[in-house]
Amino acid sequence: MILLAIREMHRIVIVEENEYLVVYPGHNTATLLYNRLVKKSCDVELISTPIKISYGCSLSIKFEEIYMDIINDEILKISLKPKGVYRIIKKGRFENYEKL
């Protein structure tokens with residue numbers, strides 16, 4: 001979750017930006033989507049899938065909510081359905097995941 005401070009008429013409003021993971025079982029498909037998103041100037045991260053979601057060697061792309069439409073469009077263009085899309089839920093220093 002990213003906190004954004006927005007100044008609004010002499011007061012600061014804090015806006016929380018949700019973070020998500022798109023999970024692929026293989027390295028090739030995750031890397032393909034990641035490279036396409038980077039070329040579109042999306043601020044994304046390629047990470048190992050958290051063990052709470054999947055065991056093994058799967059990769060995930062971590063992204064902010066503002067990139068959701070771009071990511072959905074790219075998934076449709078490459079025609080490679082992900083294993084799942086998850087919202088990251090922060091609880092203190094731990095994370096839980098909710099499948100969408």
# chains A, B, ... in the order shown; residues from 1 in each chain; ligands from 1
$ residues_around --residues "segment 55-61 of chain A" --least-positions-apart "4" --cutoff "8 Å" --atoms "only C-alpha atoms" --output "number ranges by chain"
A: 21-27, 30, 34, 44-51
$ residues_around --residues "segment 76-91 of chain A" --least-positions-apart "4" --cutoff "9 Å" --atoms "only C-alpha atoms" --output "list of chain:residue names"
A:Met1, A:Asn18, A:Glu19, A:Tyr20, A:Leu21, A:Val22, A:Val23, A:Tyr24, A:Pro25, A:Thr29, A:Ala30, A:Leu32, A:Leu33, A:Ile53, A:Ile71, A:Asn72, A:Glu95, A:Asn96, A:Tyr97, A:Glu98, A:Lys99, A:Leu100
$ closest_residue --among "A:Glu17, A:Asp73, A:Tyr67, A:Lys62" --to "Cys42 of chain A" --atoms "only C-alpha atoms"
A:Tyr67
$ atom_distance --atom1 "atom CA of Asp69 of chain A" --atom2 "atom CA of Leu37 of chain A"
11.4 Å
$ select_by_dssp --residues "chain A" --states "alpha helix (DSSP H)" --output "JSON, numbers by chain"
{"A": [27, 28, 29, 30, 31, 32, 33, 34, 35, 36, 37, 38, 39, 68, 69, 70, 71, 72, 73, 74, 75, 76, 77, 78]}
$ write_last_selection --atoms "C-alpha atoms" --output "compact mmCIF listing (two decimals), in the first residue's frame"
# COMPACT_ATOMS: atom_id res chain seq x y z
CA HIS A 27 9.12 -17.61 -15.56
CA ASN A 28 8.72 -17.03 -19.30
CA THR A 29 5.15 -15.77 -19.21
CA ALA A 30 5.73 -13.52 -16.19
CA THR A 31 8.88 -12.10 -17.77
CA LEU A 32 7.10 -11.48 -21.08
CA LEU A 33 4.32 -9.50 -19.39
CA TYR A 34 6.80 -7.67 -17.15
CA ASN A 35 8.88 -6.52 -20.14
CA ARG A 36 5.78 -5.30 -21.98
CA LEU A 37 4.69 -3.29 -18.93
CA VAL A 38 8.13 -1.73 -18.45
CA LYS A 39 8.08 -0.61 -22.11
CA MET A 68 -4.80 -2.29 -13.42
CA ASP A 69 -6.36 -1.37 -16.80
CA ILE A 70 -3.01 -1.42 -18.63
CA ILE A 71 -2.16 -4.82 -17.14
CA ASN A 72 -5.56 -6.28 -18.07
CA ASP A 73 -5.13 -5.00 -21.65
CA GLU A 74 -1.65 -6.54 -21.93
CA ILE A 75 -2.85 -9.88 -20.53
CA LEU A 76 -5.54 -9.97 -23.23
CA LYS A 77 -3.01 -9.05 -25.95
CA ILE A 78 -0.59 -11.85 -25.07
$ select_by_dssp --residues "chain A" --states "strand (DSSP E)" --output "PyMOL selection string"
chain A and resi 2-7+12-17+19-24+45-48+59-64+84-91+94-99
